[in-house]
file upload-v8.txt (compact mmCIF, C-alpha atoms)
# COMPACT_ATOMS: atom_id res chain seq x y z
CA MET A 1 -8.89 20.64 22.88
CA THR A 2 -10.98 19.45 25.72
CA ALA A 3 -10.30 15.94 26.90
CA THR A 4 -11.92 14.26 29.84
CA THR A 5 -10.35 11.24 31.50
CA PRO A 6 -12.87 8.42 31.44
CA PRO A 7 -12.96 5.46 33.81
CA ALA A 8 -10.85 2.52 32.74
CA ASP A 9 -13.77 0.45 31.46
CA ALA A 10 -15.61 3.30 29.74
CA PRO A 11 -15.18 4.09 26.06
CA GLU A 12 -12.84 6.99 25.28
CA ILE A 13 -14.74 10.26 25.16
CA VAL A 14 -12.86 13.09 23.54
CA GLU A 15 -13.75 16.43 22.15
CA VAL A 16 -11.10 17.70 19.75
CA ASP A 17 -10.96 21.27 18.52
CA LEU A 18 -9.37 20.90 15.06
CA ARG A 19 -9.25 24.70 14.54
CA ASP A 20 -8.75 25.11 10.78
CA PRO A 21 -8.27 21.50 9.58
CA LEU A 22 -6.76 22.52 6.25
CA VAL A 23 -4.11 24.71 7.88
CA ALA A 24 -3.41 21.93 10.37
CA ALA A 25 -3.01 19.39 7.57
CA VAL A 26 -0.60 21.61 5.63
CA LEU A 27 1.43 22.27 8.78
CA ALA A 28 1.40 18.54 9.58
CA TRP A 29 2.83 17.84 6.14
CA LEU A 30 5.43 20.59 6.32
CA TRP A 31 6.76 19.46 9.69
CA PRO A 32 5.45 16.27 11.32
CA GLY A 33 3.60 17.17 14.51
CA ALA A 34 3.33 20.88 13.73
CA GLY A 35 -0.33 20.58 12.76
CA HIS A 36 -1.15 19.08 16.14
CA VAL A 37 0.80 21.76 17.96
CA TYR A 38 -1.25 24.33 16.00
CA GLN A 39 -4.37 22.55 17.28
CA ARG A 40 -2.94 22.65 20.82
CA ARG A 41 -2.74 18.84 20.88
CA TYR A 42 0.76 19.11 22.26
CA ALA A 43 1.27 15.53 23.47
CA LYS A 44 0.31 14.00 20.15
CA GLY A 45 2.31 16.64 18.30
CA ALA A 46 5.39 15.71 20.30
CA LEU A 47 4.75 12.01 19.76
CA PHE A 48 4.45 12.41 15.99
CA MET A 49 7.47 14.68 15.87
CA VAL A 50 9.70 12.28 17.80
CA CYS A 51 8.53 9.10 16.07
CA ILE A 52 8.34 10.34 12.48
CA LEU A 53 11.33 12.66 12.46
CA GLY A 54 13.35 10.20 14.54
CA THR A 55 12.64 7.47 11.99
CA TYR A 56 13.35 9.80 9.08
CA PHE A 57 16.65 11.25 10.32
CA PHE A 58 17.90 7.90 11.58
CA GLY A 59 17.19 6.44 8.15
CA LEU A 60 18.75 9.42 6.43
CA ALA A 61 21.95 9.02 8.46
CA LEU A 62 22.29 5.32 7.62
CA ALA A 63 23.36 6.17 4.05
CA ASP A 64 24.85 9.61 4.73
CA GLY A 65 21.82 11.40 3.33
CA LYS A 66 22.06 9.83 -0.11
CA ALA A 67 18.98 7.57 -0.02
CA VAL A 68 16.57 10.51 -0.14
CA TYR A 69 16.88 12.02 -3.58
CA ALA A 70 14.50 13.09 -6.32
CA SER A 71 15.05 11.81 -9.82
CA TRP A 72 12.72 11.22 -12.74
CA THR A 73 15.04 10.36 -15.60
CA PRO A 74 14.15 7.44 -17.91
CA THR A 75 16.81 5.22 -16.31
CA ASP A 76 16.33 6.32 -12.71
CA ARG A 77 12.77 6.94 -11.63
CA ARG A 78 13.04 7.29 -7.88
CA LEU A 79 9.51 6.20 -6.92
CA GLN A 80 10.52 5.94 -3.26
CA TYR A 81 10.77 9.71 -3.11
CA ILE A 82 7.00 9.96 -3.66
CA CYS A 83 6.59 8.39 -0.20
CA GLN A 84 9.57 10.17 1.34
CA VAL A 85 8.29 13.61 0.36
CA PHE A 86 5.31 13.20 2.70
CA VAL A 87 7.74 13.92 5.55
CA GLY A 88 7.54 17.51 4.30
CA ALA A 89 10.24 20.13 4.68
CA PRO A 90 13.00 17.70 5.75
CA ALA A 91 12.69 15.96 2.35
CA LEU A 92 12.27 19.06 0.19
CA PRO A 93 15.99 19.86 -0.24
CA ALA A 94 16.05 16.86 -2.59
CA LEU A 95 13.99 18.85 -5.10
CA VAL A 96 16.45 21.74 -4.99
CA GLN A 97 19.36 19.35 -5.41
CA ASN A 98 17.65 17.67 -8.33
CA TYR A 99 17.13 21.03 -10.01
CA ARG A 100 20.79 21.94 -9.53
CA VAL A 101 22.13 18.63 -10.81
CA MET A 102 19.83 18.68 -13.84
CA HIS A 103 21.05 22.20 -14.69
CA ASP A 104 24.73 21.27 -14.33
CA LYS A 105 25.21 23.18 -11.10
CA VAL A 106 27.16 21.92 -8.11
CA PRO A 107 24.83 20.42 -5.48
CA LEU A 108 24.64 22.18 -2.12
CA PHE A 109 25.60 20.84 1.31
CA GLY A 110 28.28 18.52 -0.05
CA GLY A 111 25.80 16.57 -2.14
CA LEU A 112 23.31 15.77 0.64
CA MET A 113 20.07 14.49 -0.97
CA ALA A 114 21.49 15.09 -4.44
CA PRO A 115 20.65 12.58 -7.17
CA PRO A 116 23.48 10.52 -8.66
CA ARG A 117 25.51 12.16 -11.38
CA GLN A 118 23.88 11.58 -14.75
CA PRO A 119 23.57 9.52 -16.75
CA VAL A 120 22.48 6.53 -14.69
CA LEU A 121 23.15 3.58 -16.96
CA PRO A 122 21.17 0.36 -16.69
CA ASN A 123 24.06 -2.06 -17.01
CA ALA A 124 27.10 -0.01 -16.09
CA TYR A 125 29.00 0.90 -12.96
CA ASP A 126 27.66 4.42 -12.47
CA GLU A 127 27.48 6.52 -9.31
CA LEU A 128 24.21 4.92 -8.17
CA ALA A 129 25.81 1.48 -8.46
CA SER A 130 28.74 2.65 -6.35
CA TRP A 131 26.33 3.86 -3.64
CA HIS A 132 24.67 0.45 -3.59
CA GLU A 133 28.06 -1.19 -3.27
CA ASP A 134 29.35 1.19 -0.60
CA TYR A 135 26.30 1.10 1.67
CA ASN A 136 25.12 -2.41 0.85
CA LYS A 137 22.25 -3.35 3.22
CA LEU A 138 22.31 0.09 4.82
CA TRP A 139 21.17 1.57 1.51
CA GLU A 140 17.98 -0.48 1.58
CA LEU A 141 17.46 0.15 5.29
CA SER A 142 17.96 3.88 4.78
CA THR A 143 15.42 3.88 1.97
CA LEU A 144 12.99 1.82 4.06
CA TYR A 145 13.23 4.03 7.16
CA THR A 146 12.77 7.28 5.27
CA LEU A 147 9.98 5.83 3.16
CA VAL A 148 8.11 4.50 6.20
CA ALA A 149 8.52 7.87 7.92
CA GLY A 150 6.80 9.52 4.97
CA LEU A 151 3.95 7.03 5.06
CA LEU A 152 3.54 7.46 8.81
CA ASN A 153 3.20 11.18 8.29
CA VAL A 154 0.28 10.51 5.95
CA LEU A 155 -1.50 9.05 8.99
CA ALA A 156 -0.49 12.08 11.06
CA ILE A 157 -1.74 14.47 8.37
CA TYR A 158 -5.09 12.68 8.32
CA ASP A 159 -5.25 12.83 12.13
CA ALA A 160 -4.60 16.58 12.03
CA PHE A 161 -7.25 17.07 9.36
CA ALA A 162 -10.04 14.85 10.70
CA GLY A 163 -9.12 13.87 14.25
CA PRO A 164 -8.51 10.38 15.60
CA VAL A 165 -10.26 7.41 14.03
CA LEU A 166 -11.79 6.07 17.20
CA PRO A 167 -12.27 2.29 17.19
CA ALA A 168 -15.84 1.07 16.84
CA PRO A 169 -17.38 0.13 20.19
CA GLU A 170 -17.09 -3.57 20.92
CA GLU A 171 -20.16 -5.68 20.40
CA GLU A 172 -22.13 -6.85 23.37
CA THR A 173 -20.44 -9.93 24.77
CA GLU A 174 -23.39 -10.90 26.93
CA ARG A 175 -26.18 -11.99 24.70
CA PRO A 176 -29.69 -12.60 25.99
CA PRO A 177 -30.42 -16.27 26.66
CA PRO A 178 -32.31 -18.21 23.97
CA ASP A 179 -36.08 -18.16 24.14
CA ASP A 180 -36.39 -21.72 25.39
CA GLU A 181 -34.34 -20.86 28.50
CA ILE A 182 -36.66 -18.02 29.48
CA ASP A 183 -39.28 -19.70 31.57
CA MET B 1 18.63 -17.40 20.26
CA LEU B 2 19.46 -16.28 16.74
CA LEU B 3 18.42 -12.69 17.32
CA ALA B 4 20.04 -12.28 20.71
CA THR B 5 23.36 -13.88 19.88
CA THR B 6 24.12 -11.66 16.91
CA ILE B 7 24.81 -8.15 18.10
CA TYR B 8 25.17 -6.68 14.64
CA ASN B 9 22.32 -8.63 13.15
CA GLN B 10 20.32 -6.43 10.83
CA LEU B 11 17.12 -7.64 12.49
CA TRP B 12 17.82 -5.15 15.28
CA PHE B 13 16.86 -2.44 12.81
CA LEU B 14 13.34 -3.79 13.04
CA LEU B 15 12.74 -2.75 16.64
CA PRO B 16 12.82 1.07 16.35
CA LEU B 17 10.69 0.81 13.24
CA VAL B 18 8.06 -1.30 15.01
CA VAL B 19 8.06 1.07 17.99
CA ALA B 20 7.58 4.12 15.76
CA VAL B 21 4.89 2.49 13.61
CA SER B 22 3.00 1.21 16.66
CA LEU B 23 3.03 4.55 18.44
CA VAL B 24 1.97 6.53 15.37
CA TYR B 25 -0.75 4.02 14.49
CA GLY B 26 -2.00 4.05 18.09
CA ALA B 27 -2.00 7.83 18.09
CA THR B 28 -4.23 7.93 15.03
CA ARG B 29 -6.80 5.78 16.84
CA HIS B 30 -6.96 7.58 20.19
CA GLU B 31 -6.57 11.04 21.63
CA LEU B 32 -5.45 10.34 25.19
CA MET B 33 -1.95 9.09 25.95
CA GLY B 34 -3.06 6.08 28.04
CA PRO B 35 -5.14 4.43 25.31
CA ILE B 36 -2.50 5.37 22.71
CA LEU B 37 0.22 3.51 24.61
CA ALA B 38 -2.05 0.53 25.30
CA HIS B 39 -3.04 0.31 21.62
CA ALA B 40 0.58 0.72 20.53
CA TRP B 41 1.70 -2.09 22.85
CA ARG B 42 -0.93 -4.49 21.50
CA PHE B 43 -0.28 -3.49 17.89
CA GLY B 44 3.49 -3.77 18.30
CA LEU B 45 3.21 -7.29 19.75
CA TRP B 46 0.88 -8.27 16.92
CA VAL B 47 3.32 -6.97 14.31
CA LEU B 48 6.28 -8.71 15.93
CA ALA B 49 4.36 -11.98 16.16
CA PHE B 50 3.35 -11.70 12.51
CA ILE B 51 6.91 -10.98 11.41
CA ALA B 52 8.23 -13.82 13.59
CA VAL B 53 5.92 -16.30 11.86
CA ILE B 54 7.04 -15.08 8.43
CA PHE B 55 10.68 -15.19 9.58
CA VAL B 56 10.39 -18.78 10.80
CA VAL B 57 8.67 -19.92 7.61
CA LEU B 58 11.32 -18.30 5.40
CA TYR B 59 14.15 -19.54 7.63
CA VAL B 60 12.89 -23.10 7.45
CA LEU B 61 12.41 -22.85 3.70
CA ALA B 62 15.87 -21.37 3.17
CA THR B 63 17.62 -23.83 5.50
CA TRP B 64 16.03 -27.17 4.81
CA VAL B 65 13.79 -26.98 1.80
CA VAL B 66 15.44 -24.87 -0.87

call {"tool": "encode", "arguments": {"input": "upload-v8.txt", "output": "structure tokens"}}
result
Amino acid sequence: MTATTPPADAPEIVEVDLRDPLVAAVLAWLWPGAGHVYQRRYAKGALFMVCILGTYFFGLALADGKAVYASWTPTDRRLQYICQVFVGAPALPALVQNYRVMHDKVPLFGGLMAPPRQPVLPNAYDELASWHEDYNKLWELSTLYTLVAGLLNVLAIYDAFAGPVLPAPEEETERPPPDDEID
Amino acid sequence: MLLATTIYNQLWFLLPLVVAVSLVYGATRHELMGPILAHAWRFGLWVLAFIAVIFVVLYVLATWVV
């Protein structure tokens, strides 16, 4: 990357070497910020890493790692995971845990990111209901933080693939005087 | 103030989220760290102001209207 520091009032002029954008995008999905590090955009890579992973792991910790789980049973379609999985590798253990639970195997890591024990019943006190009761507001906050982290990484993936979306230059504030004033 | 007097108020969870969203959004609009931080600051204030308006409207509705 070649970046020149412009004067304060000048528009930002940057020249970004995206290297292989597809590789960068895949890396950015796998680990937030990794795509930018691959492109040698170290400052932005660090920023994305800290912000996105910080948000994700903080959210994950709020509900002891239970709010990130993959499930697609008729009574428990975990749509939030579609957003969470954009964080990449840190959310992928949920798929392994889902596979294990669905095949009657014991989940790994003490049940971290494992779906609730099946069946999840619509109007009964099942394991998912007990999680909601135990964590209360923290359950929603945990889901929100991890979900937002995934969505933020979508922006980071796009930035790794196509570079920054520079704002359009501001319109001229000084307009020429009307014709009748030009005399 | 409501926010400041309640240490364990769940609204505090908003701040790290706004900081993270602002910085990431700013970083997708600029390449250099100076403009990123300036954009993030403006965007963060805008988001907080927007949320504050919604909060006040809902608070008034919940307290006196409903």

call {"tool": "residues_around", "arguments": {"input": "upload-v8.txt", "residues": "segment 8-14 of chain B", "least_positions_apart": "4", "cutoff": "12 Å", "atoms": "all atoms listed in the file", "output": "PyMOL selection string"}}
result
(chain A and resi 55+58-59+62+136-138+140-142+144-145+148) or (chain B and resi 1-4+18-21+44+47-48+51-52+55)

call {"tool": "atom_distance", "arguments": {"input": "upload-v8.txt", "atom1": "atom CA of Val50 of chain A", "atom2": "atom CA of Trp31 of chain A"}}
result
11.2 Å

call {"tool": "closest_atom_pairs", "arguments": {"input": "upload-v8.txt", "of": "chain B", "to": "chain A", "cutoff": "10 Å", "atoms": "only C-alpha atoms", "output": "CSV"}}
result
residue,atom,partner,partner_atom,distance
B:Gln10,CA,A:Lys137,CA,8.4
B:Phe13,CA,A:Leu141,CA,8.0
B:Leu14,CA,A:Leu141,CA,9.6
B:Pro16,CA,A:Thr55,CA,7.7
B:Leu17,CA,A:Thr55,CA,7.1
B:Val19,CA,A:Cys51,CA,8.3
B:Ala20,CA,A:Cys51,CA,5.1
B:Val21,CA,A:Leu152,CA,7.0
B:Ser22,CA,A:Cys51,CA,9.7
B:Leu23,CA,A:Cys51,CA,7.5
B:Val24,CA,A:Phe48,CA,6.4
B:Tyr25,CA,A:Leu155,CA,7.5
B:Gly26,CA,A:Pro164,CA,9.4
B:Ala27,CA,A:Lys44,CA,6.9
B:Thr28,CA,A:Pro164,CA,5.0
B:Arg29,CA,A:Val165,CA,4.7
B:His30,CA,A:Pro164,CA,5.6
B:Glu31,CA,A:Pro164,CA,6.4
B:Leu32,CA,A:Ala3,CA,7.6
B:Met33,CA,A:Ala43,CA,7.6
B:Gly34,CA,A:Thr5,CA,9.6
B:Pro35,CA,A:Glu12,CA,8.1
B:Ile36,CA,A:Lys44,CA,9.4

call {"tool": "write_last_selection", "arguments": {"input": "upload-v8.txt", "atoms": "C-alpha atoms", "output": "mmCIF file, in the frame of the given file"}}
result
data_model
loop_
_atom_site.group_PDB
_atom_site.id
_atom_site.type_symbol
_atom_site.label_atom_id
_atom_site.label_comp_id
_atom_site.auth_asym_id
_atom_site.auth_seq_id
_atom_site.Cartn_x
_atom_site.Cartn_y
_atom_site.Cartn_z
ATOM 1 C CA GLN B 10 20.320 -6.430 10.830
ATOM 2 C CA PHE B 13 16.860 -2.440 12.810
ATOM 3 C CA LEU B 14 13.340 -3.790 13.040
ATOM 4 C CA PRO B 16 12.820 1.070 16.350
ATOM 5 C CA LEU B 17 10.690 0.810 13.240
ATOM 6 C CA VAL B 19 8.060 1.070 17.990
ATOM 7 C CA ALA B 20 7.580 4.120 15.760
ATOM 8 C CA VAL B 21 4.890 2.490 13.610
ATOM 9 C CA SER B 22 3.000 1.210 16.660
ATOM 10 C CA LEU B 23 3.030 4.550 18.440
ATOM 11 C CA VAL B 24 1.970 6.530 15.370
ATOM 12 C CA TYR B 25 -0.750 4.020 14.490
ATOM 13 C CA GLY B 26 -2.000 4.050 18.090
ATOM 14 C CA ALA B 27 -2.000 7.830 18.090
ATOM 15 C CA THR B 28 -4.230 7.930 15.030
ATOM 16 C CA ARG B 29 -6.800 5.780 16.840
ATOM 17 C CA HIS B 30 -6.960 7.580 20.190
ATOM 18 C CA GLU B 31 -6.570 11.040 21.630
ATOM 19 C CA LEU B 32 -5.450 10.340 25.190
ATOM 20 C CA MET B 33 -1.950 9.090 25.950
ATOM 21 C CA GLY B 34 -3.060 6.080 28.040
ATOM 22 C CA PRO B 35 -5.140 4.430 25.310
ATOM 23 C CA ILE B 36 -2.500 5.370 22.710
#

call {"tool": "axis_aligned_box", "arguments": {"input": "upload-v8.txt", "around": "segment 61-79 of chain A", "padding_each_side": "8 Å", "output": "lines of an AutoDock Vina configuration file"}}
result
center_x = 17.2
center_y = 9.2
center_z = -4.7
size_x = 31.3
size_y = 23.9
size_z = 42.4

call {"tool": "atom_distance", "arguments": {"input": "upload-v8.txt", "atom1": "atom CA of Pro21 of chain A", "atom2": "atom CA of Ala91 of chain A"}}
result
22.9 Å

call {"tool": "atom_distance", "arguments": {"input": "upload-v8.txt", "atom1": "atom CA of Pro90 of chain A", "atom2": "atom CA of Pro32 of chain A"}}
result
9.5 Å

call {"tool": "residues_around", "arguments": {"input": "upload-v8.txt", "residues": "segment 98-109 of chain A", "least_positions_apart": "2", "cutoff": "10 Å", "atoms": "only C-alpha atoms", "output": "ChimeraX atom specification"}}
result
/A:69-73,93-96,111-118

call {"tool": "residues_around", "arguments": {"input": "upload-v8.txt", "residues": "Leu121 of chain A", "least_positions_apart": "5", "cutoff": "9 Å", "atoms": "all atoms listed in the file", "output": "number ranges by chain"}}
result
A: 75-76, 126, 128
